[in-house]
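Source file: data.pdb. Holds: PDB, C-alpha atoms, pLDDT in the B column.
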ATOM      1  CA  MET A  14      -7.854  20.590 -82.931  1.00 59.00           C
ATOM      2  CA  VAL A  15     -10.552  22.207 -85.024  1.00 67.00           C
ATOM      3  CA  SER A  16     -12.809  21.280 -87.919  1.00 62.00           C
ATOM      4  CA  GLU A  17     -14.291  23.711 -90.414  1.00 57.00           C
ATOM      5  CA  LEU A  18     -17.792  22.674 -91.489  1.00 55.00           C
ATOM      6  CA  GLU A  19     -19.719  25.036 -93.775  1.00 50.00           C
ATOM      7  CA  GLY A  20     -17.709  27.986 -92.513  1.00 53.00           C
ATOM      8  CA  ASN A  21     -18.237  27.135 -88.837  1.00 66.00           C
ATOM      9  CA  VAL A  22     -15.483  26.232 -86.380  1.00 69.00           C
ATOM     10  CA  LYS A  23     -16.051  22.925 -84.586  1.00 72.00           C
ATOM     11  CA  PHE A  24     -14.000  21.396 -81.776  1.00 74.00           C
ATOM     12  CA  PRO A  25     -13.900  17.731 -80.724  1.00 72.00           C
ATOM     13  CA  THR A  26     -16.535  16.739 -78.184  1.00 71.00           C
ATOM     14  CA  TRP A  27     -15.870  14.639 -75.093  1.00 69.00           C
ATOM     15  CA  GLN A  28     -17.294  11.580 -76.855  1.00 73.00           C
ATOM     16  CA  GLU A  29     -14.880  12.013 -79.780  1.00 75.00           C
ATOM     17  CA  LEU A  30     -11.758  11.972 -77.576  1.00 74.00           C
ATOM     18  CA  PRO A  31     -10.080   8.544 -77.335  1.00 75.00           C
ATOM     19  CA  GLU A  32      -9.762   7.169 -73.799  1.00 76.00           C
ATOM     20  CA  THR A  33      -6.027   6.726 -74.331  1.00 77.00           C
ATOM     21  CA  LEU A  34      -5.404  10.468 -74.601  1.00 75.00           C
ATOM     22  CA  ASP A  35      -3.408  12.193 -71.872  1.00 80.00           C
ATOM     23  CA  TYR A  36      -4.972  15.594 -71.288  1.00 80.00           C
ATOM     24  CA  GLN A  37      -5.575  18.318 -68.706  1.00 82.00           C
ATOM     25  CA  TYR A  38      -9.041  19.762 -68.144  1.00 84.00           C
ATOM     26  CA  LEU A  39      -9.033  23.576 -68.462  1.00 88.00           C
ATOM     27  CA  PHE A  40     -12.618  24.834 -68.148  1.00 87.00           C
ATOM     28  CA  SER A  41     -16.097  24.521 -69.656  1.00 85.00           C
ATOM     29  CA  LEU A  42     -18.085  26.848 -71.888  1.00 81.00           C
ATOM     30  CA  ASP A  43     -21.832  26.195 -72.240  1.00 80.00           C
ATOM     31  CA  LYS A  44     -21.290  22.656 -70.905  1.00 76.00           C
ATOM     32  CA  GLN A  45     -18.546  21.969 -73.472  1.00 75.00           C
ATOM     33  CA  GLY A  46     -15.262  20.972 -71.872  1.00 79.00           C
ATOM     34  CA  VAL A  47     -11.989  22.483 -73.029  1.00 84.00           C
ATOM     35  CA  PHE A  48      -8.855  20.353 -72.642  1.00 82.00           C
ATOM     36  CA  TYR A  49      -5.091  20.613 -73.068  1.00 84.00           C
ATOM     37  CA  LEU A  50      -3.636  17.662 -74.980  1.00 80.00           C
ATOM     38  CA  LEU A  51      -0.419  16.741 -73.182  1.00 79.00           C
ATOM     39  CA  GLN A  52       0.879  14.393 -75.873  1.00 71.00           C
ATOM     40  CA  GLU A  53       2.876  16.692 -78.132  1.00 69.00           C
ATOM     41  CA  GLY A  54       3.238  15.659 -81.751  1.00 66.00           C
ATOM     42  CA  ARG A  55       0.123  13.486 -81.795  1.00 73.00           C
ATOM     43  CA  GLU A  56      -1.769  13.314 -85.070  1.00 78.00           C
ATOM     44  CA  PRO A  57      -5.163  15.103 -85.030  1.00 74.00           C
ATOM     45  CA  LEU A  58      -8.400  13.143 -84.898  1.00 75.00           C
ATOM     46  CA  PRO A  59     -10.028  12.190 -88.231  1.00 77.00           C
ATOM     47  CA  GLY A  60     -11.839  15.184 -89.691  1.00 77.00           C
ATOM     48  CA  PHE A  61      -9.880  17.665 -87.552  1.00 78.00           C
ATOM     49  CA  THR A  62      -6.642  19.597 -87.948  1.00 80.00           C
ATOM     50  CA  TYR A  63      -4.333  21.740 -85.829  1.00 79.00           C
ATOM     51  CA  LYS A  64      -4.655  25.492 -86.368  1.00 78.00           C
ATOM     52  CA  THR A  65      -2.964  28.474 -84.739  1.00 80.00           C
ATOM     53  CA  LEU A  66      -5.010  31.256 -83.148  1.00 80.00           C
ATOM     54  CA  ARG A  67      -4.029  33.552 -86.001  1.00 77.00           C
ATOM     55  CA  GLU A  68      -5.177  31.025 -88.631  1.00 77.00           C
ATOM     56  CA  ILE A  69      -8.519  30.542 -86.882  1.00 74.00           C
ATOM     57  CA  ARG A  70      -9.023  34.287 -86.595  1.00 72.00           C
ATOM     58  CA  TYR A  71      -7.975  35.448 -90.057  1.00 70.00           C
ATOM     59  CA  GLU A  72      -8.448  32.400 -92.314  1.00 71.00           C
ATOM     60  CA  ILE A  73     -11.473  30.627 -90.844  1.00 68.00           C
ATOM     61  CA  GLY A  74     -13.197  33.198 -88.681  1.00 66.00           C
ATOM     62  CA  ALA A  75     -15.077  32.402 -85.488  1.00 68.00           C
ATOM     63  CA  PRO A  76     -17.714  34.020 -83.252  1.00 73.00           C
ATOM     64  CA  LEU A  77     -16.505  36.314 -80.477  1.00 76.00           C
ATOM     65  CA  GLN A  78     -17.498  33.787 -77.798  1.00 80.00           C
ATOM     66  CA  LEU A  79     -15.278  31.096 -79.341  1.00 80.00           C
ATOM     67  CA  MET A  80     -12.423  33.577 -79.684  1.00 81.00           C
ATOM     68  CA  TYR A  81     -12.469  34.206 -75.944  1.00 83.00           C
ATOM     69  CA  MET A  82     -12.593  30.459 -75.320  1.00 86.00           C
ATOM     70  CA  MET A  83      -9.587  29.775 -77.540  1.00 86.00           C
ATOM     71  CA  TYR A  84      -7.501  32.660 -76.228  1.00 87.00           C
ATOM     72  CA  THR A  85      -8.250  31.762 -72.613  1.00 92.00           C
ATOM     73  CA  ALA A  86      -7.397  28.119 -73.279  1.00 90.00           C
ATOM     74  CA  TRP A  87      -4.080  29.174 -74.816  1.00 91.00           C
ATOM     75  CA  HIS A  88      -3.372  31.383 -71.795  1.00 94.00           C
ATOM     76  CA  LEU A  89      -3.774  28.380 -69.474  1.00 94.00           C
ATOM     77  CA  ILE A  90      -1.827  26.061 -71.779  1.00 91.00           C
ATOM     78  CA  CYS A  91       1.145  28.451 -71.685  1.00 93.00           C
ATOM     79  CA  TRP A  92       0.914  28.567 -67.896  1.00 94.00           C
ATOM     80  CA  TYR A  93       0.929  24.767 -67.534  1.00 93.00           C
ATOM     81  CA  ARG A  94       3.706  24.437 -70.121  1.00 91.00           C
ATOM     82  CA  ASP A  95       5.929  27.023 -68.407  1.00 94.00           C
ATOM     83  CA  ASN A  96       5.467  25.629 -64.887  1.00 96.00           C
ATOM     84  CA  ARG A  97       6.275  21.957 -65.249  1.00 94.00           C
ATOM     85  CA  PHE A  98       8.911  22.535 -62.579  1.00 97.00           C
ATOM     86  CA  CYS A  99       8.767  24.608 -59.420  1.00 97.00           C
ATOM     87  CA  GLY A 100      10.628  27.871 -60.004  1.00 96.00           C
ATOM     88  CA  ARG A 101      11.802  27.879 -56.372  1.00 97.00           C
ATOM     89  CA  CYS A 102      13.226  24.384 -55.868  1.00 97.00           C
ATOM     90  CA  GLY A 103      12.936  22.601 -59.226  1.00 97.00           C
ATOM     91  CA  SER A 104      10.542  19.862 -58.107  1.00 98.00           C
ATOM     92  CA  HIS A 105       7.449  18.783 -60.041  1.00 97.00           C
ATOM     93  CA  PRO A 106       4.352  20.622 -58.748  1.00 97.00           C
ATOM     94  CA  ARG A 107       0.958  18.937 -58.541  1.00 95.00           C
ATOM     95  CA  HIS A 108      -2.456  20.277 -59.499  1.00 93.00           C
ATOM     96  CA  SER A 109      -4.550  21.680 -56.667  1.00 94.00           C
ATOM     97  CA  THR A 110      -7.920  20.020 -56.209  1.00 90.00           C
ATOM     98  CA  ARG A 111      -9.462  23.171 -54.698  1.00 92.00           C
ATOM     99  CA  GLU A 112      -8.403  26.005 -57.003  1.00 94.00           C
ATOM    100  CA  ARG A 113      -6.636  26.730 -60.263  1.00 94.00           C
ATOM    101  CA  ALA A 114      -3.117  26.500 -58.883  1.00 96.00           C
ATOM    102  CA  LEU A 115      -0.014  24.312 -58.934  1.00 97.00           C
ATOM    103  CA  ILE A 116       1.421  23.290 -55.553  1.00 98.00           C
ATOM    104  CA  CYS A 117       4.960  22.192 -54.798  1.00 98.00           C
ATOM    105  CA  ASP A 118       4.832  19.756 -51.882  1.00 97.00           C
ATOM    106  CA  LYS A 119       8.582  19.970 -51.358  1.00 97.00           C
ATOM    107  CA  CYS A 120       8.917  23.699 -50.664  1.00 97.00           C
ATOM    108  CA  GLY A 121       5.307  24.828 -50.358  1.00 96.00           C
ATOM    109  CA  ASN A 122       5.388  27.106 -53.402  1.00 98.00           C
ATOM    110  CA  ARG A 123       1.901  27.820 -54.771  1.00 97.00           C
ATOM    111  CA  ILE A 124       1.796  28.900 -58.415  1.00 98.00           C
ATOM    112  CA  TYR A 125      -1.146  30.764 -59.969  1.00 97.00           C
ATOM    113  CA  PRO A 126      -1.707  31.646 -63.632  1.00 95.00           C
ATOM    114  CA  ARG A 127       0.299  34.672 -64.651  1.00 93.00           C
ATOM    115  CA  ILE A 128      -1.695  37.677 -65.857  1.00 95.00           C
ATOM    116  CA  VAL A 129       0.358  40.416 -67.504  1.00 95.00           C
ATOM    117  CA  PRO A 130      -1.054  43.987 -67.400  1.00 97.00           C
ATOM    118  CA  ALA A 131      -0.944  45.958 -70.636  1.00 97.00           C
ATOM    119  CA  VAL A 132      -2.485  49.169 -71.946  1.00 98.00           C
ATOM    120  CA  ILE A 133      -4.030  50.460 -75.150  1.00 98.00           C
ATOM    121  CA  ALA A 134      -4.012  54.224 -75.682  1.00 98.00           C
ATOM    122  CA  GLY A 135      -6.421  56.139 -77.865  1.00 98.00           C
ATOM    123  CA  VAL A 136      -4.552  59.445 -78.295  1.00 98.00           C
ATOM    124  CA  ILE A 137      -6.890  62.278 -79.330  1.00 98.00           C
ATOM    125  CA  TRP A 138      -6.136  65.620 -80.987  1.00 98.00           C
ATOM    126  CA  GLU A 139      -9.276  67.709 -81.475  1.00 96.00           C
ATOM    127  CA  ASP A 140     -11.466  65.553 -83.804  1.00 96.00           C
ATOM    128  CA  LYS A 141      -8.694  63.110 -84.722  1.00 98.00           C
ATOM    129  CA  ILE A 142      -7.198  59.981 -83.177  1.00 98.00           C
ATOM    130  CA  LEU A 143      -3.682  58.584 -83.553  1.00 98.00           C
ATOM    131  CA  LEU A 144      -3.630  55.341 -85.573  1.00 97.00           C
ATOM    132  CA  THR A 145      -0.516  53.257 -86.076  1.00 96.00           C
ATOM    133  CA  LYS A 146       0.788  50.186 -87.876  1.00 93.00           C
ATOM    134  CA  TYR A 147       3.249  47.822 -86.242  1.00 89.00           C
ATOM    135  CA  ALA A 148       6.687  47.306 -87.702  1.00 88.00           C
ATOM    136  CA  ASN A 149       7.709  43.787 -88.747  1.00 81.00           C
ATOM    137  CA  ARG A 150       4.204  42.307 -88.433  1.00 73.00           C
ATOM    138  CA  LYS A 151       1.927  40.902 -91.107  1.00 73.00           C
ATOM    139  CA  MET A 152      -0.956  43.244 -90.346  1.00 71.00           C
ATOM    140  CA  SER A 153      -2.447  45.574 -92.934  1.00 73.00           C
ATOM    141  CA  PHE A 154      -4.885  47.323 -90.609  1.00 84.00           C
ATOM    142  CA  TYR A 155      -4.409  50.260 -88.260  1.00 91.00           C
ATOM    143  CA  ALA A 156      -4.307  49.925 -84.479  1.00 93.00           C
ATOM    144  CA  LEU A 157      -3.719  52.067 -81.386  1.00 96.00           C
ATOM    145  CA  ILE A 158      -0.602  52.526 -79.263  1.00 97.00           C
ATOM    146  CA  ALA A 159      -0.166  49.563 -76.905  1.00 96.00           C
ATOM    147  CA  GLY A 160       2.407  48.159 -74.522  1.00 96.00           C
ATOM    148  CA  PHE A 161       3.119  46.199 -71.364  1.00 97.00           C
ATOM    149  CA  THR A 162       3.256  47.794 -67.932  1.00 97.00           C
ATOM    150  CA  GLU A 163       6.735  47.987 -66.415  1.00 97.00           C
ATOM    151  CA  ILE A 164       7.614  47.162 -62.822  1.00 96.00           C
ATOM    152  CA  GLY A 165       6.913  50.064 -60.489  1.00 96.00           C
ATOM    153  CA  GLU A 166       4.675  52.144 -62.760  1.00 97.00           C
ATOM    154  CA  THR A 167       0.941  52.822 -62.738  1.00 98.00           C
ATOM    155  CA  LEU A 168      -1.285  52.118 -65.719  1.00 98.00           C
ATOM    156  CA  GLU A 169      -1.554  55.851 -66.394  1.00 98.00           C
ATOM    157  CA  GLU A 170       2.234  56.208 -66.312  1.00 98.00           C
ATOM    158  CA  CYS A 171       2.468  53.278 -68.721  1.00 98.00           C
ATOM    159  CA  VAL A 172       0.118  55.045 -71.153  1.00 98.00           C
ATOM    160  CA  ALA A 173       2.204  58.222 -71.076  1.00 98.00           C
ATOM    161  CA  ARG A 174       5.491  56.324 -71.437  1.00 98.00           C
ATOM    162  CA  GLU A 175       4.365  54.093 -74.311  1.00 98.00           C
ATOM    163  CA  VAL A 176       2.957  57.035 -76.265  1.00 98.00           C
ATOM    164  CA  MET A 177       6.147  59.042 -75.732  1.00 98.00           C
ATOM    165  CA  GLU A 178       8.471  56.144 -76.606  1.00 97.00           C
ATOM    166  CA  GLU A 179       6.635  55.144 -79.781  1.00 97.00           C
ATOM    167  CA  THR A 180       5.499  58.528 -81.146  1.00 97.00           C
ATOM    168  CA  GLY A 181       7.307  61.287 -79.226  1.00 97.00           C
ATOM    169  CA  LEU A 182       4.000  62.781 -78.084  1.00 98.00           C
ATOM    170  CA  LYS A 183       3.104  63.986 -74.601  1.00 98.00           C
ATOM    171  CA  VAL A 184      -0.408  63.263 -73.316  1.00 98.00           C
ATOM    172  CA  LYS A 185      -2.767  64.505 -70.595  1.00 98.00           C
ATOM    173  CA  ASN A 186      -6.283  63.824 -69.293  1.00 98.00           C
ATOM    174  CA  ILE A 187      -5.697  60.066 -69.254  1.00 98.00           C
ATOM    175  CA  ARG A 188      -9.021  58.329 -68.537  1.00 98.00           C
ATOM    176  CA  TYR A 189      -9.903  54.673 -68.250  1.00 98.00           C
ATOM    177  CA  TYR A 190     -12.352  53.148 -70.722  1.00 98.00           C
ATOM    178  CA  LYS A 191     -12.629  49.336 -70.381  1.00 97.00           C
ATOM    179  CA  SER A 192     -10.559  46.127 -70.339  1.00 97.00           C
ATOM    180  CA  GLN A 193     -10.223  42.868 -72.227  1.00 94.00           C
ATOM    181  CA  PRO A 194      -8.424  39.564 -71.516  1.00 92.00           C
ATOM    182  CA  TRP A 195      -6.058  38.665 -74.351  1.00 88.00           C
ATOM    183  CA  GLY A 196      -4.683  35.203 -73.691  1.00 83.00           C
ATOM    184  CA  SER A 197      -2.438  34.965 -76.747  1.00 84.00           C
ATOM    185  CA  VAL A 198       0.256  36.769 -74.730  1.00 88.00           C
ATOM    186  CA  GLN A 199      -1.189  36.037 -71.273  1.00 91.00           C
ATOM    187  CA  ASP A 200      -2.198  39.630 -70.638  1.00 93.00           C
ATOM    188  CA  LEU A 201      -5.123  41.728 -69.463  1.00 96.00           C
ATOM    189  CA  ILE A 202      -5.440  44.803 -71.662  1.00 97.00           C
ATOM    190  CA  MET A 203      -6.765  48.031 -70.173  1.00 98.00           C
ATOM    191  CA  GLY A 204      -7.925  50.701 -72.601  1.00 98.00           C
ATOM    192  CA  PHE A 205      -7.460  54.419 -72.000  1.00 98.00           C
ATOM    193  CA  TYR A 206      -8.243  57.544 -73.950  1.00 98.00           C
ATOM    194  CA  CYS A 207      -6.010  60.607 -73.545  1.00 98.00           C
ATOM    195  CA  ASP A 208      -5.432  64.008 -75.143  1.00 98.00           C
ATOM    196  CA  VAL A 209      -2.261  65.153 -76.847  1.00 98.00           C
ATOM    197  CA  ASP A 210      -0.402  67.720 -74.747  1.00 98.00           C
ATOM    198  CA  GLY A 211       1.377  70.338 -76.822  1.00 97.00           C
ATOM    199  CA  ASP A 212       3.269  69.433 -80.000  1.00 97.00           C
ATOM    200  CA  THR A 213       1.258  67.177 -82.359  1.00 98.00           C
ATOM    201  CA  HIS A 214       4.130  66.246 -84.688  1.00 98.00           C
ATOM    202  CA  ILE A 215       4.609  62.459 -84.681  1.00 97.00           C
ATOM    203  CA  HIS A 216       8.130  61.029 -84.330  1.00 97.00           C
ATOM    204  CA  ILE A 217       7.674  57.264 -84.661  1.00 95.00           C
ATOM    205  CA  ASP A 218      10.011  54.697 -83.175  1.00 94.00           C
ATOM    206  CA  LYS A 219      10.774  52.712 -86.330  1.00 93.00           C
ATOM    207  CA  SER A 220      11.733  49.638 -84.326  1.00 92.00           C
ATOM    208  CA  GLU A 221       8.135  49.482 -83.034  1.00 91.00           C
ATOM    209  CA  LEU A 222       6.036  51.183 -85.719  1.00 94.00           C
ATOM    210  CA  LYS A 223       6.134  51.657 -89.466  1.00 93.00           C
ATOM    211  CA  GLU A 224       3.405  54.294 -89.575  1.00 94.00           C
ATOM    212  CA  GLY A 225       1.639  56.790 -87.317  1.00 96.00           C
ATOM    213  CA  VAL A 226      -1.068  59.161 -88.557  1.00 97.00           C
ATOM    214  CA  TRP A 227      -3.811  61.425 -87.257  1.00 98.00           C
ATOM    215  CA  VAL A 228      -7.165  60.220 -88.602  1.00 97.00           C
ATOM    216  CA  SER A 229     -10.506  62.021 -88.356  1.00 98.00           C
ATOM    217  CA  ARG A 230     -13.615  60.264 -87.085  1.00 97.00           C
ATOM    218  CA  ALA A 231     -15.177  60.029 -90.545  1.00 95.00           C
ATOM    219  CA  GLU A 232     -12.043  58.464 -92.051  1.00 96.00           C
ATOM    220  CA  ILE A 233     -11.671  55.639 -89.527  1.00 96.00           C
ATOM    221  CA  GLU A 234     -12.034  52.153 -91.003  1.00 91.00           C
ATOM    222  CA  GLY A 235     -12.539  49.270 -88.609  1.00 83.00           C
ATOM    223  CA  GLN A 236     -10.597  46.025 -88.548  1.00 79.00           C
ATOM    224  CA  ARG A 237     -11.959  42.950 -90.315  1.00 76.00           C
ATOM    225  CA  ASP A 238     -13.471  41.487 -87.131  1.00 75.00           C
ATOM    226  CA  ASP A 239     -14.836  42.786 -83.831  1.00 75.00           C
ATOM    227  CA  TRP A 240     -12.565  40.747 -81.568  1.00 79.00           C
ATOM    228  CA  SER A 241     -10.167  43.358 -80.247  1.00 88.00           C
ATOM    229  CA  LEU A 242     -10.478  46.164 -77.733  1.00 94.00           C
ATOM    230  CA  THR A 243      -8.358  48.225 -80.130  1.00 94.00           C
ATOM    231  CA  ASN A 244     -11.023  48.020 -82.814  1.00 94.00           C
ATOM    232  CA  HIS A 245     -13.790  48.698 -80.307  1.00 95.00           C
ATOM    233  CA  MET A 246     -12.025  51.847 -79.096  1.00 97.00           C
ATOM    234  CA  MET A 247     -11.466  53.043 -82.667  1.00 96.00           C
ATOM    235  CA  MET A 248     -15.135  52.570 -83.556  1.00 96.00           C
ATOM    236  CA  THR A 249     -16.271  54.146 -80.274  1.00 97.00           C
ATOM    237  CA  PHE A 250     -14.256  57.253 -81.162  1.00 98.00           C
ATOM    238  CA  LYS A 251     -15.660  57.203 -84.705  1.00 97.00           C
ATOM    239  CA  ALA A 252     -19.156  57.288 -83.211  1.00 96.00           C
ATOM    240  CA  GLY A 253     -18.196  60.153 -80.866  1.00 96.00           C
ATOM    241  CA  LYS A 254     -18.937  58.086 -77.749  1.00 96.00           C
ATOM    242  CA  GLU A 255     -15.507  58.071 -76.085  1.00 96.00           C
ATOM    243  CA  PRO A 256     -15.307  59.304 -72.459  1.00 95.00           C
ATOM    244  CA  HIS A 257     -14.205  62.906 -71.936  1.00 91.00           C
TER
END
Re-express the file's structure as structure tokens.
Amino acid sequence: MVSELEGNVKFPTWQELPETLDYQYLFSLDKQGVFYLLQEGREPLPGFTYKTLREIRYEIGAPLQLMYMMYTAWHLICWYRDNRFCGRCGSHPRHSTRERALICDKCGNRIYPRIVPAVIAGVIWEDKILLTKYANRKMSFYALIAGFTEIGETLEECVAREVMEETGLKVKNIRYYKSQPWGSVQDLIMGFYCDVDGDTHIHIDKSELKEGVWVSRAEIEGQRDDWSLTNHMMMTFKAGKEPH
């Protein structure tokens, strides 16, 4: 539940939550507790409304710190929602009192939050970088190649595979840049820069992308907010500060 007051995002405080609510404590940020409301379909509190992460990001706007709070909360909510039953024996697990884990007393299964590894690839050709637009998504801005790591492959192999699958390009000199948690899909994104290896002609996978272009540093336009690692990597390249 959120409230928009004078352009600022506000969440209910502890004092504003009715005692009758059934909720799960998630974590605290600057002494403000974050909770998961377990009663689905409940009407929001007076003065508040339910908003999706996308609505908060693109329609309301919020500081980077609150973005991380919301995305991390959603990550944990998905984990609790998807583990109401033990995946090994089907019993109801209980919450550990010592760590963030669910414990099945019947079979001893201990369940931790799932973190999915994913990569973002900044593909470079001389003084240009490969920018793409997703197919079948309501996004007008450019992004970088991205994808989830498959079983049995390294992060570097994932970079090479995703670039090849989506654009038909081979890459070399794959080097790590930095990472970012992205709780909307329960993943940890790791950013890499790499150089095109050989042919620079782009053959896009139209099921994944609707556009792929080489863009010079001077022509790069950032996304509307500074939330994503994708945007940070694009602007880092624009400034000529990417690792070599």
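Within the 7 Å cut-off around range 195-211 of chain A, using only C-alpha atoms and omitting residues fewer than 6 positions from it on the same chain, the listed residues are Tyr84, Thr85, Trp87, His88, Arg127, Ile128, Val129, Pro130, Ala131, Val132, Ile133, Ala134, Gly135, Val136, Ile137, Trp138, Leu182, Lys183, Val184, Lys185, Asn186, Ile187, Arg188 and Tyr189 of chain A.
Among A:Cys102, A:Ala173, A:Leu143, A:Leu66, the residue with the shortest atom-to-atom distance to Phe250 in chain A, counting only C-alpha atoms, is A:Leu143.
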I would like the residues chosen by the PyMOL selection byres ((chain A and resi 214) around 10) on the shown file; could you give them as a VMD selection string? chain A and resid 180 to 182 211 to 213 215 to 217 226 to 227
Kindly export the residues of the current selection with C-alpha atoms, as a PDB file, keeping the file's coordinate frame.
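Generated file (result_35.pdb):
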ATOM      1  CA  THR A 180       5.499  58.528 -81.146  1.00 97.00           C
ATOM      2  CA  GLY A 181       7.307  61.287 -79.226  1.00 97.00           C
ATOM      3  CA  LEU A 182       4.000  62.781 -78.084  1.00 98.00           C
ATOM      4  CA  GLY A 211       1.377  70.338 -76.822  1.00 97.00           C
ATOM      5  CA  ASP A 212       3.269  69.433 -80.000  1.00 97.00           C
ATOM      6  CA  THR A 213       1.258  67.177 -82.359  1.00 98.00           C
ATOM      7  CA  ILE A 215       4.609  62.459 -84.681  1.00 97.00           C
ATOM      8  CA  HIS A 216       8.130  61.029 -84.330  1.00 97.00           C
ATOM      9  CA  ILE A 217       7.674  57.264 -84.661  1.00 95.00           C
ATOM     10  CA  VAL A 226      -1.068  59.161 -88.557  1.00 97.00           C
ATOM     11  CA  TRP A 227      -3.811  61.425 -87.257  1.00 98.00           C
TER      12      TRP A 227
END
Can you list, as a PyMOL selection string, the residues that the PyMOL selection byres ((chain A and resi 146) around 9) selects here? chain A and resi 144-145+147-148+150+152-157+221-225
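Taking all atoms listed in the file into account, Ser192 in chain A lies nearest to A:His245 out of the set A:His245, A:Arg174, A:Phe48, A:Ile164.
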Using Å and a single decimal, report how far CA of Leu168 in chain A sits from CA of Gly235 in chain A. 25.7 Å
Atom pair CA of Asp239 in chain A / CA of Asp218 in chain A: separation (Å): 27.6 Å
note - CA of Arg113 in chain A and CA of Ser41 in chain A are separated by 13.5 Å
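Among the candidates A:Gly60, A:Lys23, A:Ile90, A:Lys119, the residue lying nearest to Gly103 in chain A is A:Lys119 (atoms considered: only C-alpha atoms).
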Mind rebuilding range 133-147 of chain A with N, CA, C and O atoms and writing that out as a PDB file, in the coordinates of the input?
ATOM      1  N   ILE A 133      -3.787  49.945 -73.809  1.00 98.00           N
ATOM      2  CA  ILE A 133      -4.030  50.460 -75.150  1.00 98.00           C
ATOM      3  C   ILE A 133      -4.394  51.928 -74.990  1.00 98.00           C
ATOM      4  O   ILE A 133      -5.197  52.287 -74.120  1.00 98.00           O
ATOM      5  N   ALA A 134      -3.812  52.778 -75.817  1.00 98.00           N
ATOM      6  CA  ALA A 134      -4.012  54.224 -75.682  1.00 98.00           C
ATOM      7  C   ALA A 134      -4.620  54.807 -76.946  1.00 98.00           C
ATOM      8  O   ALA A 134      -4.018  54.729 -78.028  1.00 98.00           O
ATOM      9  N   GLY A 135      -5.812  55.381 -76.788  1.00 98.00           N
ATOM     10  CA  GLY A 135      -6.421  56.139 -77.865  1.00 98.00           C
ATOM     11  C   GLY A 135      -6.057  57.610 -77.691  1.00 98.00           C
ATOM     12  O   GLY A 135      -6.653  58.305 -76.870  1.00 98.00           O
ATOM     13  N   VAL A 136      -5.059  58.078 -78.434  1.00 98.00           N
ATOM     14  CA  VAL A 136      -4.552  59.445 -78.295  1.00 98.00           C
ATOM     15  C   VAL A 136      -5.362  60.376 -79.199  1.00 98.00           C
ATOM     16  O   VAL A 136      -5.423  60.171 -80.418  1.00 98.00           O
ATOM     17  N   ILE A 137      -5.965  61.409 -78.609  1.00 98.00           N
ATOM     18  CA  ILE A 137      -6.890  62.278 -79.330  1.00 98.00           C
ATOM     19  C   ILE A 137      -6.303  63.682 -79.491  1.00 98.00           C
ATOM     20  O   ILE A 137      -5.723  64.238 -78.559  1.00 98.00           O
ATOM     21  N   TRP A 138      -6.479  64.223 -80.693  1.00 98.00           N
ATOM     22  CA  TRP A 138      -6.136  65.620 -80.987  1.00 98.00           C
ATOM     23  C   TRP A 138      -7.339  66.247 -81.685  1.00 98.00           C
ATOM     24  O   TRP A 138      -7.639  65.920 -82.828  1.00 98.00           O
ATOM     25  N   GLU A 139      -8.054  67.094 -80.964  1.00 96.00           N
ATOM     26  CA  GLU A 139      -9.276  67.709 -81.475  1.00 96.00           C
ATOM     27  C   GLU A 139     -10.241  66.625 -81.963  1.00 96.00           C
ATOM     28  O   GLU A 139     -10.722  65.827 -81.170  1.00 96.00           O
ATOM     29  N   ASP A 140     -10.521  66.547 -83.286  1.00 96.00           N
ATOM     30  CA  ASP A 140     -11.466  65.553 -83.804  1.00 96.00           C
ATOM     31  C   ASP A 140     -10.739  64.402 -84.508  1.00 96.00           C
ATOM     32  O   ASP A 140     -11.309  63.740 -85.378  1.00 96.00           O
ATOM     33  N   LYS A 141      -9.489  64.165 -84.097  1.00 98.00           N
ATOM     34  CA  LYS A 141      -8.694  63.110 -84.722  1.00 98.00           C
ATOM     35  C   LYS A 141      -8.135  62.176 -83.654  1.00 98.00           C
ATOM     36  O   LYS A 141      -7.988  62.556 -82.494  1.00 98.00           O
ATOM     37  N   ILE A 142      -7.810  60.970 -84.074  1.00 98.00           N
ATOM     38  CA  ILE A 142      -7.198  59.981 -83.177  1.00 98.00           C
ATOM     39  C   ILE A 142      -5.934  59.446 -83.840  1.00 98.00           C
ATOM     40  O   ILE A 142      -5.849  59.377 -85.076  1.00 98.00           O
ATOM     41  N   LEU A 143      -4.954  59.087 -83.041  1.00 98.00           N
ATOM     42  CA  LEU A 143      -3.682  58.584 -83.553  1.00 98.00           C
ATOM     43  C   LEU A 143      -3.809  57.096 -83.879  1.00 98.00           C
ATOM     44  O   LEU A 143      -4.080  56.282 -82.995  1.00 98.00           O
ATOM     45  N   LEU A 144      -3.614  56.735 -85.142  1.00 97.00           N
ATOM     46  CA  LEU A 144      -3.630  55.341 -85.573  1.00 97.00           C
ATOM     47  C   LEU A 144      -2.232  54.950 -86.045  1.00 97.00           C
ATOM     48  O   LEU A 144      -1.513  55.751 -86.641  1.00 97.00           O
ATOM     49  N   THR A 145      -1.861  53.721 -85.764  1.00 96.00           N
ATOM     50  CA  THR A 145      -0.516  53.257 -86.076  1.00 96.00           C
ATOM     51  C   THR A 145      -0.549  51.882 -86.742  1.00 96.00           C
ATOM     52  O   THR A 145      -1.560  51.175 -86.692  1.00 96.00           O
ATOM     53  N   LYS A 146       0.573  51.538 -87.363  1.00 93.00           N
ATOM     54  CA  LYS A 146       0.788  50.186 -87.876  1.00 93.00           C
ATOM     55  C   LYS A 146       2.095  49.671 -87.305  1.00 93.00           C
ATOM     56  O   LYS A 146       3.103  50.389 -87.283  1.00 93.00           O
ATOM     57  N   TYR A 147       2.064  48.420 -86.841  1.00 89.00           N
ATOM     58  CA  TYR A 147       3.249  47.822 -86.242  1.00 89.00           C
ATOM     59  C   TYR A 147       4.331  47.584 -87.289  1.00 89.00           C
ATOM     60  O   TYR A 147       4.047  47.298 -88.458  1.00 89.00           O
TER      61      TYR A 147
END
